[in-house]
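Worksheet for the structure shown next.
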Amino acid sequence: MNQFNAYASYSALVNEAVDPSANYAQDLGLNGVRPGAFPRFDLTSYVDIGAQPGSLVRYQIANYVLSDGLSIRYKKHNLKMDFYGYWGQVNTFRPRNPSGRFSFSGLLTSLPGINNTGNSFAQFLLGLASRAEQSIVLDPSYFRSEQYQLTISDEYQLTPNFTWNFSLGLQVDTPRSEKFNRQSSLNLKLINPANQRPGALIFAGRDGRPRTFAPTQANWEPATSWALNPWGSRKTVIRGSYALSFASFPLYPTDFGTLGFNASPLLVSSNDQLLPAATLGLGFPQDFTPPLDLRPTAANDIKAEYFEPLGILPYEQSWRLEVERDLPADFVVRLAYQGERGVHQYIGDGIELNPLSPEVLSFRDQLNDLDFNLSLRPYPQFRGISPGYGYPVGSSFLHRGNLRVEKRFSHGLNFSLSYFFSKSIDNLLGGASPQNSNDLKAEKSLNPYDIRHQVSINYLYEFPLGEGRAFLNQGGWLQGLVAGWSLSGVAVFRSGTPVILTPLFNNTGHVAEALRVNVVPGVDPHVPHPSAFQWFNPAAFDQPPDFTLGNGPRTEPTLRNPGAQNFDMSLTKRIPVSEDWTLELIMEAFNSFNHANLNNPDGLIGSKTNPNLNAGRIIGSSGGRVVQLGLRFSF
């Protein structure tokens with residue numbers, strides 16, 4: 001048997017919340033930024049002003065897939081050969097800050113050396129920006145990638161009670177390329193002409209370089225599974241499996257990796273407590289080279305963008321063991337264990353590849369001087385180095401047990417209950433920043449979305465009333481009134497996710513972009529009776545002193561946020577109109593018992609002298625009953 005499939009999809013997004021003919025910046029007296037959108041002003045603790053990042057977006061995504069599968073049955077073997085081909089295209093035009101973005105930290109209006117005394121809106125009224133940036137994107141980017149996979153598998157029935165399956169796949173992935181070679185990256189070994197230090201910008205398809213910044217990858221993907229009926233009993237099945245699978249190169253609708261062809265001029269204050277980065281009345285300084293700028297120094301003095309040159313792809317190992325048993329009265333019980341291990345996982349764009357070592361914290365306030373700060377970095381010509389979303393240095397582990405009890409439909413009842421017990425540990429930041437980019441092992445902790453316990457109940461019950469039922473099988477108007485009713489619903493109970501604690505202040509001279517709290521020795525973080533008034537004991541944690549790192553973990557291992565429960569129910573009345581026509585009255589209630597699920601507690605931890613009085617307290621809840629009626633006519 002041969003099966004051939006062809007698939008194509010196309011999607012597009014156009015978000016042009018700008019007016020190309022308008023020049024709001026010029027109307028404000030702000031020179032040096034491009035027209036079309038209202039300039040963005042970030043005011044920290046106040047509502048920001050101006051166009052949101054991404055207010056000018058146009059992208060199109062096209063996917064093409066061809067697959068062919070050949071299956072041959074030979075004696076006790078079922079041989080299969082599958083081919084899969086994927087071609088992806090992304091065309092994107094996405095300036096992040098089309099008319100500039102200006103940030104106001106409030107530090108310029110603070111009392112000298114005293115945290116949290118400044119006001120960002122006051123600094124805005126003075127027109128003194130702590131940071132200024134804009135995005136100059138001249139042309140759309142046309143990205144392409146491909147994937148090919150060939151898999152051979154054999155399902156072999158050794159005995160009537162034992163079946164074994166093995167497959168071996170070869171996956172070939174091509175890195176992202178651009179139709180017109182408008183891509184750039186850093187070569188961290190190439191000498192930069194500006195300061196004779198390693199680290200310079202290179203461009204795809206130029207100076208003898210290939211069109212991509214990583215080689216094409218070919219990886220083997222083995223998998224095996226088996227099913228056993230022990231003692232020859234069809235009522236019991238034991239299943240097991242193992243698989244190794246690789247991810248593919250990401251293809252996002254973003255202009256990451258196009259510096260030189262596009263520009264992102266960035267101004268940062270040389271000391272954000274003393275001097276502004278830009279003064280609004282003077283406009284955005286024009287002392288930068290606009291695109292097209294194909295010099296090796298084109299990424300200097302900005303946050304550079306870097307592709308991992310080895311092209312390492314994430315891979316995942318998964319294994320599963322399951323026992324299923326048929327019981328009397330149409331019940332089925334299934335007990336399973338599942339494990340997963342992720343290696344070389346993409347960690348997100350929060351990691352800094354041009355970090356400061358924690359050893360420089362001894363310089364204290366000198367770190368607030370930009371030139372001195374940059375001089376301590378491995379590549380001082382760059383304000384930072386971002387790997388985008390494709391930096392494969394993360395790892396993850398998942399262990400999950402599952403008990404499922406199911407009653408197959410009989411006597412008007414269908415029912416299933418599932419209980420999950422799981423534990424997920426990783427250092428995947430998901431775009432967030434680590435405390436120390438030089439030590440990602442310290443980020444290993446419970447996953448912020450780890451749910452230890454979860455119970456799910458699904459049910460459907462058809463009332464035993466009416467024609468053909470056990471009760472009231474007598475016809476007439478009474479039967480028409482009480483027959484055809486059914487009740488169904490879903491109930492979910494789950495435990496809370498780990499608590500995340502954050503210091504109220506971060507005075508580390510940009511050494512730690514995501515500072516952790518300190519754990520106070522000998523103080524129990526738990527309270528006897530957690531409530532919205534006090535969910536955990538904030539005295540067990542402290543704000544790290546200035547120019548020190550916190551010793552706490554990314555997520556607290558013993559503290560959990562409030563759990564949640566939800567009941568959704570539906571009552572349906574089915575009315576046969578004729579042999580082919582049916583009318584259904586549907587009454588649904590979401591969160592039927594109007595249960596309020598508490599929000600997460602306030603996790604901001606202050607110092608002993610300047611505490612956060614709401615730390616550990618819960619403000620508000622989510623929930624609320626929603627009832628809706630529906631009428632469905634089927635013919």
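The chains in the structure tokens are called A, B, ... from first to last as shown; in each chain the residues are counted from 1, and the ligands are counted from 1 in the order shown.
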TODO: Compile the contact shell of segment 493-508 of chain A as an NGL selection string: residues with an atom at most 9 Å away, counting only C-alpha atoms, same-chain residues fewer than 6 positions apart removed.
DONE: :A and (115-116 or 361 or 364-365 or 367-368 or 446-457 or 514-518 or 541-550 or 552-567 or 600-607 or 611-612)
Residues within 6 Å of Leu460 of chain A, please, as a PDB file with N, CA, C and O atoms, in the first residue's frame. Count only C-alpha atoms; anything in the same chain fewer than 2 positions from it doesn't count.
```pdb
ATOM      1  N   LEU A 413     -24.062   5.686  30.908  1.00  0.00           N
ATOM      2  CA  LEU A 413     -22.995   6.394  31.627  1.00  0.00           C
ATOM      3  C   LEU A 413     -21.651   6.174  30.953  1.00  0.00           C
ATOM      4  O   LEU A 413     -21.276   5.051  30.630  1.00  0.00           O
ATOM      5  N   ASN A 414     -20.949   7.267  30.748  1.00  0.00           N
ATOM      6  CA  ASN A 414     -19.558   7.252  30.304  1.00  0.00           C
ATOM      7  C   ASN A 414     -18.770   8.111  31.286  1.00  0.00           C
ATOM      8  O   ASN A 414     -19.178   9.228  31.602  1.00  0.00           O
ATOM      9  N   LEU A 487     -26.750  14.739  31.105  1.00  0.00           N
ATOM     10  CA  LEU A 487     -25.903  15.627  31.897  1.00  0.00           C
ATOM     11  C   LEU A 487     -24.444  15.274  31.621  1.00  0.00           C
ATOM     12  O   LEU A 487     -24.056  14.106  31.666  1.00  0.00           O
ATOM     13  N   SER A 488     -23.643  16.272  31.327  1.00  0.00           N
ATOM     14  CA  SER A 488     -22.219  16.046  31.074  1.00  0.00           C
ATOM     15  C   SER A 488     -21.421  17.160  31.739  1.00  0.00           C
ATOM     16  O   SER A 488     -21.962  18.213  32.094  1.00  0.00           O
TER      17      SER A 488
END
```
Hey, what does DSSP flag as helix (DSSP H, G or I) within segment 200-292 of chain A? Can you give it to me as a tab-separated table (two decimals) with all heavy atoms, in the first residue's frame?
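See part.tsv below for the written result:
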```tsv
chain	number	residue	atom	x	y	z
A	230	PRO	N	0.55	-10.44	28.90
A	230	PRO	CA	1.16	-11.47	29.75
A	230	PRO	C	0.19	-12.61	30.03
A	230	PRO	O	-1.02	-12.41	30.13
A	230	PRO	CB	1.51	-10.70	31.02
A	230	PRO	CG	0.58	-9.54	31.04
A	230	PRO	CD	0.33	-9.18	29.61
A	231	TRP	N	0.74	-13.79	30.14
A	231	TRP	CA	-0.02	-15.00	30.41
A	231	TRP	C	-1.09	-15.27	29.35
A	231	TRP	O	-2.05	-15.99	29.59
A	231	TRP	CB	-0.68	-14.94	31.80
A	231	TRP	CG	0.27	-14.45	32.85
A	231	TRP	CD1	1.38	-15.11	33.33
A	231	TRP	CD2	0.23	-13.18	33.51
A	231	TRP	NE1	2.02	-14.33	34.26
A	231	TRP	CE2	1.33	-13.15	34.40
A	231	TRP	CE3	-0.63	-12.09	33.46
A	231	TRP	CZ2	1.59	-12.05	35.21
A	231	TRP	CZ3	-0.38	-11.00	34.26
A	231	TRP	CH2	0.73	-10.99	35.12
A	232	GLY	N	-0.94	-14.63	28.20
A	232	GLY	CA	-1.90	-14.85	27.12
A	232	GLY	C	-3.25	-14.23	27.36
A	232	GLY	O	-4.21	-14.53	26.65
A	280	LEU	N	15.10	65.17	24.81
A	280	LEU	CA	14.05	65.19	23.80
A	280	LEU	C	14.08	66.48	22.98
A	280	LEU	O	13.84	66.46	21.77
A	280	LEU	CB	12.68	65.01	24.46
A	280	LEU	CG	12.43	63.69	25.20
A	280	LEU	CD1	10.99	63.62	25.69
A	280	LEU	CD2	12.75	62.49	24.32
A	281	GLY	N	14.38	67.59	23.63
A	281	GLY	CA	14.39	68.86	22.91
A	281	GLY	C	15.46	68.94	21.84
A	281	GLY	O	15.35	69.71	20.89
A	282	LEU	N	16.51	68.13	21.96
A	282	LEU	CA	17.60	68.12	20.98
A	282	LEU	C	17.41	67.04	19.93
A	282	LEU	O	18.19	66.98	18.96
A	282	LEU	CB	18.94	67.92	21.70
A	282	LEU	CG	19.32	68.98	22.73
A	282	LEU	CD1	20.64	68.63	23.38
A	282	LEU	CD2	19.38	70.36	22.10
```
Open item on the list: If I take atom CA of Gly616 of chain A and atom CA of Val520 of chain A, how far is one from the other in Å, to one decimal?
Closed with: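 Separating atom CA of Gly616 of chain A from atom CA of Val520 of chain A is a distance of 15.3 Å.
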Open item on the list: Excluding Val332 of chain A and its own-chain neighbours fewer than 5 positions away, which residues fall within 7 Å of it when counting only C-alpha atoms? Please give them as a ChimeraX atom specification.
Closed with: /A:325-327,405-407
Could those residues be written to a file, using all heavy atoms, as a CSV table (one decimal), in the first residue's frame?
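Full text of part.csv as output:
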```csv
chain,number,residue,atom,x,y,z
A,325,ARG,N,-5.6,-2.6,32.1
A,325,ARG,CA,-6.3,-3.8,32.6
A,325,ARG,C,-7.8,-3.6,32.4
A,325,ARG,O,-8.3,-2.5,32.9
A,325,ARG,CB,-6.0,-4.1,34.0
A,325,ARG,CG,-6.8,-5.2,34.6
A,325,ARG,CD,-6.5,-6.6,34.1
A,325,ARG,NE,-7.2,-7.7,34.7
A,325,ARG,CZ,-7.1,-8.9,34.5
A,325,ARG,NH1,-6.2,-9.3,33.6
A,325,ARG,NH2,-7.9,-9.8,35.1
A,326,ASP,N,-8.5,-4.5,31.7
A,326,ASP,CA,-9.9,-4.5,31.6
A,326,ASP,C,-10.5,-5.1,32.9
A,326,ASP,O,-10.1,-6.2,33.3
A,326,ASP,CB,-10.4,-5.2,30.4
A,326,ASP,CG,-10.2,-4.5,29.1
A,326,ASP,OD1,-9.7,-3.3,29.2
A,326,ASP,OD2,-10.5,-5.0,28.0
A,327,LEU,N,-11.5,-4.4,33.5
A,327,LEU,CA,-12.2,-4.9,34.7
A,327,LEU,C,-13.7,-5.1,34.4
A,327,LEU,O,-14.2,-4.7,33.3
A,327,LEU,CB,-12.1,-3.8,35.8
A,327,LEU,CG,-10.6,-3.5,36.2
A,327,LEU,CD1,-10.6,-2.4,37.3
A,327,LEU,CD2,-9.9,-4.8,36.8
A,405,VAL,N,-8.8,5.9,35.2
A,405,VAL,CA,-9.9,4.9,35.3
A,405,VAL,C,-11.0,5.4,34.4
A,405,VAL,O,-11.5,6.5,34.5
A,405,VAL,CB,-10.4,4.9,36.8
A,405,VAL,CG1,-11.6,3.9,36.9
A,405,VAL,CG2,-9.3,4.5,37.8
A,406,GLU,N,-11.4,4.5,33.5
A,406,GLU,CA,-12.4,4.8,32.5
A,406,GLU,C,-13.5,3.8,32.5
A,406,GLU,O,-13.3,2.6,32.6
A,406,GLU,CB,-11.8,4.9,31.1
A,406,GLU,CG,-12.7,5.2,30.0
A,406,GLU,CD,-12.1,5.2,28.7
A,406,GLU,OE1,-10.8,5.1,28.6
A,406,GLU,OE2,-12.8,5.4,27.7
A,407,LYS,N,-14.7,4.3,32.4
A,407,LYS,CA,-15.9,3.4,32.3
A,407,LYS,C,-16.4,3.6,30.9
A,407,LYS,O,-16.9,4.7,30.5
A,407,LYS,CB,-17.0,3.7,33.3
A,407,LYS,CG,-18.2,2.7,33.2
A,407,LYS,CD,-19.3,3.1,34.1
A,407,LYS,CE,-20.4,2.1,34.0
A,407,LYS,NZ,-20.9,1.8,32.6
```
Open item on the list: Just the number, please: distance in Å from atom CA of Val519 of chain A to atom CA of Gln366 of chain A, one decimal.
Closed with: 27.4 Å
- [ ] May I ask which of the residues A:Ser424, A:Thr216, A:Gln52, A:Gln134 is the closest one to Gln286 of chain A, counting only C-alpha atoms?
- [x]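 Ranking A:Ser424, A:Thr216, A:Gln52, A:Gln134 by distance to Gln286 of chain A, first place goes to A:Gln134.
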- [ ] Could you check which of A:Tyr391, A:Tyr46, A:Phe536, A:Trp87 is closest to Ala6 of chain A, using only C-alpha atoms?
- [x]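 Between A:Tyr391, A:Tyr46, A:Phe536, A:Trp87, the residue approaching Ala6 of chain A most closely is A:Trp87.
Once Glu443 of chain A and its same-chain neighbours fewer than 6 positions away are set aside, Ile347, Ile351, Val393, Gly394, Ser395, Ser396, Ile425, Asp426, Asn427, Leu428, Leu429, Gly430, Ala432, Ser433, Pro434, Gln435, Asn436, Ser437, Ala514, Leu515, Arg516, Asn551, Gly552, Pro553, Arg554, Thr555 and Glu556 of chain A remain within 12 Å of it when counting only C-alpha atoms.
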- [ ] From a DSSP pass on the backbone, collect the residues of segment 38-240 of chain A flagged as strand (DSSP E) and hand them back as JSON, numbers by chain.
- [x] {"A": [40, 41, 42, 56, 57, 58, 59, 60, 61, 62, 63, 64, 65, 66, 67, 68, 69, 70, 71, 72, 73, 74, 77, 78, 79, 80, 81, 82, 83, 84, 85, 86, 87, 88, 89, 90, 91, 92, 93, 101, 102, 103, 128, 129, 131, 132, 133, 141, 142, 143, 144, 145, 146, 147, 148, 149, 150, 151, 152, 153, 154, 155, 156, 157, 158, 159, 162, 163, 164, 165, 166, 167, 168, 169, 170, 171, 172, 173, 177, 178, 184, 185, 186, 187, 188, 189, 190, 191, 192, 197, 198, 199, 200, 201, 202, 203, 217, 218, 219, 220, 221, 222, 223, 224, 225, 226, 227, 228, 236, 237, 238, 239, 240]}
- [ ] Would you work out the distance separating atom CA of Glu221 of chain A from atom CA of Asp68 of chain A, expressed in Å to one decimal?
- [x]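 Atom CA of Asp68 of chain A lies 18.3 Å from atom CA of Glu221 of chain A.
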